[in-house]
file data-v9.txt (compact mmCIF, C-alpha atoms and all ligand atoms)
# COMPACT_ATOMS: atom_id res chain seq x y z
CA MET A 22 95.47 85.46 83.75
CA SER A 23 95.18 84.26 80.18
CA ASP A 24 98.02 85.11 77.78
CA THR A 25 95.58 85.29 74.84
CA ILE A 26 94.11 88.74 74.22
CA LYS A 27 90.77 89.02 72.44
CA THR A 28 90.43 92.55 71.07
CA SER A 29 86.66 92.40 71.69
CA ASN A 30 87.46 92.21 75.40
CA LEU A 31 89.47 95.43 75.40
CA SER A 32 87.92 98.55 76.87
CA PRO A 33 89.20 101.94 75.63
CA GLU A 34 86.82 103.53 78.19
CA PHE A 35 88.59 101.73 81.02
CA ARG A 36 91.94 103.01 79.74
CA GLU A 37 90.56 106.55 79.61
CA GLU A 38 89.19 106.18 83.14
CA ILE A 39 92.66 105.24 84.40
CA PHE A 40 94.11 108.24 82.57
CA GLU A 41 91.83 110.53 84.61
CA GLN A 42 94.49 110.15 87.32
CA PRO A 43 97.01 112.90 86.39
CA GLY A 44 100.22 111.51 84.91
CA THR A 45 99.00 107.96 84.34
CA GLU A 46 98.87 108.52 80.56
CA LYS A 47 102.66 108.14 80.82
CA ILE A 48 102.19 104.37 80.89
CA THR A 49 102.17 104.72 77.11
CA LEU A 50 105.86 105.71 77.41
CA CYS A 51 106.88 102.40 79.02
CA PHE A 52 109.62 100.75 76.95
CA ASN A 53 109.57 97.51 78.89
CA CYS A 54 112.96 97.89 80.59
CA THR A 55 111.71 95.78 83.58
CA GLY A 56 113.20 98.27 86.05
CA CYS A 57 109.92 98.40 87.97
CA SER A 58 109.11 94.70 88.18
CA SER A 59 112.67 93.49 88.76
CA GLY A 60 113.07 95.55 91.93
CA CYS A 61 109.62 94.90 93.36
CA PRO A 62 109.80 93.31 96.84
CA MET A 63 106.31 91.89 96.44
CA ALA A 64 107.23 90.13 93.18
CA GLU A 65 109.98 88.33 95.12
CA GLN A 66 107.28 86.87 97.34
CA GLU A 67 104.70 86.24 94.62
CA PRO A 68 106.03 85.88 91.04
CA GLU A 69 102.49 86.16 89.62
CA PHE A 70 102.42 89.78 90.75
CA ASN A 71 104.09 91.88 88.04
CA ILE A 72 103.57 95.65 88.03
CA ARG A 73 104.99 95.99 84.51
CA LYS A 74 102.51 93.46 83.16
CA PHE A 75 99.67 95.20 84.99
CA LEU A 76 100.54 98.53 83.38
CA ARG A 77 100.73 96.90 79.97
CA MET A 78 97.28 95.43 80.55
CA ALA A 79 95.99 98.84 81.65
CA ASN A 80 97.36 100.42 78.49
CA LEU A 81 95.53 97.80 76.43
CA GLY A 82 92.28 98.36 78.34
CA MET A 83 92.06 94.83 79.77
CA LYS A 84 89.37 95.75 82.25
CA ASN A 85 87.95 92.35 83.18
CA GLU A 86 91.32 90.71 83.69
CA LEU A 87 92.72 93.55 85.76
CA LEU A 88 89.72 94.25 87.97
CA ASN A 89 89.23 90.57 88.77
CA SER A 90 92.88 89.69 89.29
CA PRO A 91 93.56 88.72 92.91
CA TYR A 92 97.10 90.14 92.44
CA LEU A 93 95.70 93.65 92.05
CA TRP A 94 95.80 93.87 95.84
CA TYR A 95 99.34 92.55 96.37
CA CYS A 96 101.22 95.85 95.92
CA THR A 97 102.32 97.31 99.28
CA THR A 98 102.62 100.83 97.77
CA CYS A 99 106.29 101.10 98.77
CA TYR A 100 106.80 103.24 95.60
CA LYS A 101 110.18 101.67 94.76
CA CYS A 102 109.06 100.92 91.19
CA GLN A 103 107.82 104.45 90.63
CA GLU A 104 111.09 105.93 91.83
CA ARG A 105 113.12 103.62 89.56
CA CYS A 106 111.23 104.19 86.32
CA PRO A 107 113.44 106.01 83.77
CA GLN A 108 110.35 107.15 81.88
CA GLY A 109 108.68 108.78 84.89
CA VAL A 110 105.71 106.41 84.73
CA PRO A 111 103.63 106.78 87.90
CA ASN A 112 103.23 103.02 88.29
CA VAL A 113 101.75 103.04 91.77
CA ASP A 114 99.39 105.94 91.11
CA ALA A 115 98.06 104.02 88.11
CA LEU A 116 97.64 100.85 90.16
CA LEU A 117 95.83 102.77 92.91
CA LYS A 118 93.51 104.26 90.30
CA ILE A 119 92.75 100.75 89.02
CA ARG A 120 92.01 99.66 92.58
CA THR A 121 89.69 102.65 92.99
CA ILE A 122 87.83 101.65 89.83
CA ALA A 123 87.58 98.09 91.16
CA VAL A 124 86.14 99.30 94.46
CA HIS A 125 83.61 101.49 92.65
CA ASN A 126 82.57 98.33 90.82
CA GLY A 127 81.99 96.55 94.12
CA ILE A 128 85.20 94.51 93.88
CA MET A 129 87.02 94.46 97.21
CA LEU A 130 88.81 91.84 99.25
CA PRO A 131 86.71 90.56 102.17
CA ALA A 132 89.46 91.68 104.58
CA HIS A 133 89.29 95.25 103.22
CA LYS A 134 85.52 95.23 103.57
CA LYS A 135 85.88 94.19 107.19
CA VAL A 136 88.26 97.08 107.83
CA GLY A 137 85.87 99.44 106.02
CA GLN A 138 83.01 98.23 108.20
CA MET A 139 85.19 98.81 111.26
CA VAL A 140 85.72 102.44 110.19
CA ILE A 141 81.96 102.86 109.79
CA ASN A 142 81.24 101.26 113.18
CA SER A 143 83.98 102.79 115.27
CA GLY A 144 85.61 105.60 113.30
CA HIS A 145 88.86 103.62 113.32
CA ALA A 146 90.30 100.97 111.02
CA VAL A 147 92.02 99.57 114.13
CA PRO A 148 90.02 100.46 117.24
CA ILE A 149 92.00 100.84 120.45
CA ASN A 150 92.24 97.87 122.80
CA ASP A 151 93.28 97.42 126.43
CA ASP A 152 96.83 96.46 125.46
CA THR A 153 97.31 99.69 123.49
CA LYS A 154 95.77 101.72 126.30
CA GLU A 155 98.29 100.20 128.70
CA LYS A 156 101.19 100.98 126.35
CA ARG A 157 100.01 104.58 125.96
CA LYS A 158 99.89 105.00 129.72
CA LYS A 159 103.45 103.65 130.08
CA LEU A 160 104.59 106.23 127.50
CA GLY A 161 103.00 109.00 129.54
CA LEU A 162 100.17 109.51 127.06
CA ASP A 163 96.47 109.78 127.77
CA GLU A 164 94.87 106.34 127.83
CA VAL A 165 92.84 107.13 124.72
CA PRO A 166 93.84 109.45 121.85
CA PRO A 167 91.84 112.58 121.00
CA THR A 168 89.77 110.81 118.36
CA VAL A 169 86.24 109.41 118.37
CA HIS A 170 87.47 107.15 121.17
CA ARG A 171 87.57 110.20 123.41
CA PHE A 172 84.75 112.09 121.70
CA PRO A 173 82.12 109.44 120.91
CA ASP A 174 79.63 112.08 119.75
CA ALA A 175 81.95 112.76 116.80
CA LEU A 176 81.29 109.27 115.48
CA ASN A 177 77.97 110.46 114.08
CA GLU A 178 79.86 113.14 112.15
CA VAL A 179 82.26 110.52 110.81
CA LYS A 180 79.34 108.34 109.75
CA LYS A 181 77.69 111.31 108.05
CA LEU A 182 80.87 112.06 106.09
CA LEU A 183 81.29 108.41 105.07
CA HIS A 184 77.68 108.38 103.89
CA ILE A 185 78.10 111.59 101.87
CA ALA A 186 81.18 110.04 100.23
CA GLY A 187 79.16 106.90 99.43
CA PHE A 188 81.59 104.76 101.43
CA ASP A 189 78.87 102.89 103.37
CA ILE A 190 77.15 101.98 100.09
CA ILE A 191 80.40 100.66 98.62
CA ILE A 192 81.03 98.54 101.72
CA ALA A 193 77.50 97.14 101.65
CA LYS A 194 77.64 96.45 97.92
CA LYS A 195 77.89 92.83 96.79
CA GLU A 196 80.69 92.04 94.36
CA GLU A 197 79.81 92.42 90.68
CA LYS A 198 82.06 90.56 88.27
CA LYS A 199 83.08 92.92 85.43
S1 LIG B 201 110.50 100.94 84.85
FE1 LIG B 201 109.14 102.28 83.66
S2 LIG B 201 109.81 102.06 81.53
FE2 LIG B 201 110.71 100.37 82.68
S3 LIG B 201 109.22 98.67 82.44
FE3 LIG B 201 108.68 99.72 84.32
S4 LIG B 201 107.15 101.26 83.72
FE4 LIG B 201 108.19 100.56 81.86
S1 LIG B 202 105.02 99.97 94.99
FE1 LIG B 202 104.08 97.95 94.72
S2 LIG B 202 104.60 97.33 92.66
FE2 LIG B 202 105.97 99.01 93.20
S3 LIG B 202 107.81 98.05 94.02
FE3 LIG B 202 106.49 98.47 95.77
S4 LIG B 202 105.25 96.60 96.04
FE4 LIG B 202 106.17 96.51 94.00

call {"tool": "encode", "arguments": {"input": "data-v9.txt", "output": "structure tokens"}}
result
Amino acid sequence: MSDTIKTSNLSPEFREEIFEQPGTEKITLCFNCTGCSSGCPMAEQEPEFNIRKFLRMANLGMKNELLNSPYLWYCTTCYKCQERCPQGVPNVDALLKIRTIAVHNGIMLPAHKKVGQMVINSGHAVPINDDTKEKRKKLGLDEVPPTVHRFPDALNEVKKLLHIAGFDIIIAKKEEKK
């Protein structure tokens, strides 16, 4: 990410779109105490990931930089930062909203697309396998859970719902750089 900000690259519309998520307008109250970023377990693993910096960028409307940052996907949504913020800034909710905007713009990690395709194909992000079936049996459970695995006809209903939500279109969409 470049440290130079060109005002012509700032998008007030993007900022407003983030603020559609209730409470996220509180990012304007951030006084840069670093409480969120200093306690982030993900930042310990990857110093380039900085939730405080991301929120600052969101407040400035840095759409292109945020949506195309590979670090957008690093947050594990543990919510530690949100719980620590003395200003009540919903850090994670804001980040999730930014991710949602990215996805609606066709920006998704290939791994997430694969999982999305799995949901469309099987109704599960992680379809059951023989090993899991065996473990379920040992625990005294039915071999397959009462999901589309047991009721395959319901998969059509799942597919219908995903289509109504536009999920299949998002998964099929090629990435558009914003
Ligand atoms: S903890 Fe809250 S106030 Fe402090 S830097 Fe993070 S968002 Fe800003
Ligand atoms: S929710 Fe994300 S940004 Fe916040 S502390 Fe956890 S990993 Fe870090």

call {"tool": "residues_near_ligand", "arguments": {"input": "data-v9.txt", "ligand": "ligand LIG 202 (chain B)", "cutoff": "8 Å", "atoms": "all atoms listed in the file", "output": "list in words"}}
result
Cys57, Ser58, Gly60, Cys61, Pro62, Met63, Ala64, Asn71, Ile72, Tyr95, Cys96, Thr97, Thr98, Cys99, Tyr100, Lys101, Cys102, Gln103, Asn112 and Val113 of chain A

call {"tool": "closest_residue", "arguments": {"input": "data-v9.txt", "among": "A:Ala146, A:Met78, A:Ile39, A:Val110", "to": "ligand LIG 201 (chain B)", "atoms": "all atoms listed in the file"}}
result
A:Val110

call {"tool": "atom_distance", "arguments": {"input": "data-v9.txt", "atom1": "CA of Pro167 in chain A", "atom2": "CA of Ile192 in chain A"}}
result
26.2 Å

call {"tool": "closest_residue", "arguments": {"input": "data-v9.txt", "among": "A:Arg36, A:Pro111, A:Glu67, A:Pro91", "to": "ligand LIG 201 (chain B)", "atoms": "all atoms listed in the file"}}
result
A:Pro111

call {"tool": "residues_near_ligand", "arguments": {"input": "data-v9.txt", "ligand": "ligand LIG 201 (chain B)", "cutoff": "9 Å", "atoms": "all atoms listed in the file", "output": "list of chain:residue names"}}
result
A:Lys47, A:Ile48, A:Thr49, A:Leu50, A:Cys51, A:Phe52, A:Asn53, A:Cys54, A:Thr55, A:Gly56, A:Cys57, A:Ser58, A:Ser59, A:Ile72, A:Arg73, A:Lys74, A:Leu76, A:Arg77, A:Cys102, A:Gln103, A:Glu104, A:Arg105, A:Cys106, A:Pro107, A:Gln108, A:Gly109, A:Val110, A:Pro111, A:Asn112

call {"tool": "residues_around", "arguments": {"input": "data-v9.txt", "residues": "Pro148 in chain A", "least_positions_apart": "3", "cutoff": "10 Å", "atoms": "all atoms listed in the file", "output": "VMD selection string"}}
result
chain A and resid 139 to 140 142 to 145 153 169 to 170

call {"tool": "residues_around", "arguments": {"input": "data-v9.txt", "residues": "Asp189 in chain A", "least_positions_apart": "2", "cutoff": "12 Å", "atoms": "all atoms listed in the file", "output": "count of residues only"}}
result
24

call {"tool": "atom_distance", "arguments": {"input": "data-v9.txt", "atom1": "CA of Ala123 in chain A", "atom2": "CA of Trp94 in chain A"}}
result
10.4 Å

call {"tool": "axis_aligned_box", "arguments": {"input": "data-v9.txt", "around": "range 81-89 of chain A", "padding_each_side": "8 Å", "output": "lines of an AutoDock Vina configuration file"}}
result
center_x = 91.7
center_y = 94.5
center_z = 82.6
size_x = 23.6
size_y = 23.8
size_z = 28.3

call {"tool": "atom_distance", "arguments": {"input": "data-v9.txt", "atom1": "CA of Asn85 in chain A", "atom2": "CA of Thr45 in chain A"}}
result
19.2 Å

call {"tool": "build_atoms", "arguments": {"input": "data-v9.txt", "residues": "range 39-50 of chain A", "atoms": "all heavy atoms", "output": "CSV table (one decimal), in the coordinates of the input"}}
result
chain,number,residue,atom,x,y,z
A,39,ILE,N,91.4,105.3,83.7
A,39,ILE,CA,92.7,105.2,84.4
A,39,ILE,C,93.4,106.5,84.2
A,39,ILE,O,94.0,107.1,85.1
A,39,ILE,CB,93.5,104.0,83.9
A,39,ILE,CG1,92.8,102.7,84.3
A,39,ILE,CG2,94.9,104.1,84.6
A,39,ILE,CD1,93.5,101.5,83.6
A,40,PHE,N,93.4,107.0,82.9
A,40,PHE,CA,94.1,108.2,82.6
A,40,PHE,C,93.5,109.5,83.2
A,40,PHE,O,94.2,110.6,83.2
A,40,PHE,CB,94.1,108.4,81.0
A,40,PHE,CG,95.0,107.4,80.3
A,40,PHE,CD1,95.1,107.5,78.9
A,40,PHE,CD2,95.8,106.5,81.0
A,40,PHE,CE1,96.0,106.5,78.3
A,40,PHE,CE2,96.6,105.6,80.4
A,40,PHE,CZ,96.7,105.6,79.0
A,41,GLU,N,92.4,109.4,83.9
A,41,GLU,CA,91.8,110.5,84.6
A,41,GLU,C,92.7,110.9,85.8
A,41,GLU,O,92.8,112.0,86.3
A,41,GLU,CB,90.4,110.2,85.2
A,41,GLU,CG,89.3,110.3,84.1
A,41,GLU,CD,88.0,109.7,84.6
A,41,GLU,OE1,87.9,109.5,85.8
A,41,GLU,OE2,87.1,109.5,83.8
A,42,GLN,N,93.5,109.9,86.3
A,42,GLN,CA,94.5,110.2,87.3
A,42,GLN,C,95.7,110.9,86.7
A,42,GLN,O,96.3,110.3,85.8
A,42,GLN,CB,94.9,108.8,87.9
A,42,GLN,CG,96.0,108.9,89.0
A,42,GLN,CD,95.6,109.6,90.2
A,42,GLN,OE1,94.4,109.5,90.6
A,42,GLN,NE2,96.4,110.4,90.8
A,43,PRO,N,96.0,112.1,87.1
A,43,PRO,CA,97.0,112.9,86.4
A,43,PRO,C,98.3,112.1,86.3
A,43,PRO,O,98.8,111.6,87.3
A,43,PRO,CB,97.1,114.1,87.3
A,43,PRO,CG,95.8,114.3,87.9
A,43,PRO,CD,95.3,112.9,88.2
A,44,GLY,N,98.9,112.1,85.1
A,44,GLY,CA,100.2,111.5,84.9
A,44,GLY,C,100.2,110.1,84.4
A,44,GLY,O,101.1,109.6,83.9
A,45,THR,N,99.0,109.4,84.7
A,45,THR,CA,99.0,108.0,84.3
A,45,THR,C,99.1,107.7,82.8
A,45,THR,O,99.4,106.6,82.4
A,45,THR,CB,97.7,107.3,84.9
A,45,THR,OG1,96.6,108.0,84.5
A,45,THR,CG2,97.8,107.2,86.4
A,46,GLU,N,98.8,108.7,82.0
A,46,GLU,CA,98.9,108.5,80.6
A,46,GLU,C,100.3,108.2,80.2
A,46,GLU,O,100.6,107.7,79.1
A,46,GLU,CB,98.3,109.7,79.8
A,46,GLU,CG,99.2,111.0,79.9
A,46,GLU,CD,99.1,111.7,81.2
A,46,GLU,OE1,98.2,111.4,82.0
A,46,GLU,OE2,100.0,112.6,81.5
A,47,LYS,N,101.2,108.4,81.1
A,47,LYS,CA,102.7,108.1,80.8
A,47,LYS,C,102.9,106.6,80.7
A,47,LYS,O,104.0,106.2,80.3
A,47,LYS,CB,103.6,108.7,81.9
A,47,LYS,CG,103.8,110.2,81.8
A,47,LYS,CD,104.9,110.6,82.7
A,47,LYS,CE,105.2,112.1,82.6
A,47,LYS,NZ,106.1,112.5,83.6
A,48,ILE,N,101.9,105.8,81.1
A,48,ILE,CA,102.2,104.4,80.9
A,48,ILE,C,102.4,104.0,79.4
A,48,ILE,O,103.0,103.0,79.1
A,48,ILE,CB,101.1,103.5,81.5
A,48,ILE,CG1,99.7,103.7,80.9
A,48,ILE,CG2,101.0,103.7,83.0
A,48,ILE,CD1,98.6,102.8,81.5
A,49,THR,N,102.0,104.9,78.5
A,49,THR,CA,102.2,104.7,77.1
A,49,THR,C,103.7,104.9,76.7
A,49,THR,O,104.1,104.5,75.7
A,49,THR,CB,101.3,105.7,76.3
A,49,THR,OG1,101.7,107.0,76.7
A,49,THR,CG2,99.8,105.5,76.5
A,50,LEU,N,104.4,105.5,77.7
A,50,LEU,CA,105.9,105.7,77.4
A,50,LEU,C,106.7,104.5,77.9
A,50,LEU,O,107.9,104.5,77.6
A,50,LEU,CB,106.4,107.0,78.1
A,50,LEU,CG,105.7,108.3,77.8
A,50,LEU,CD1,106.2,109.4,78.7
A,50,LEU,CD2,105.8,108.6,76.3
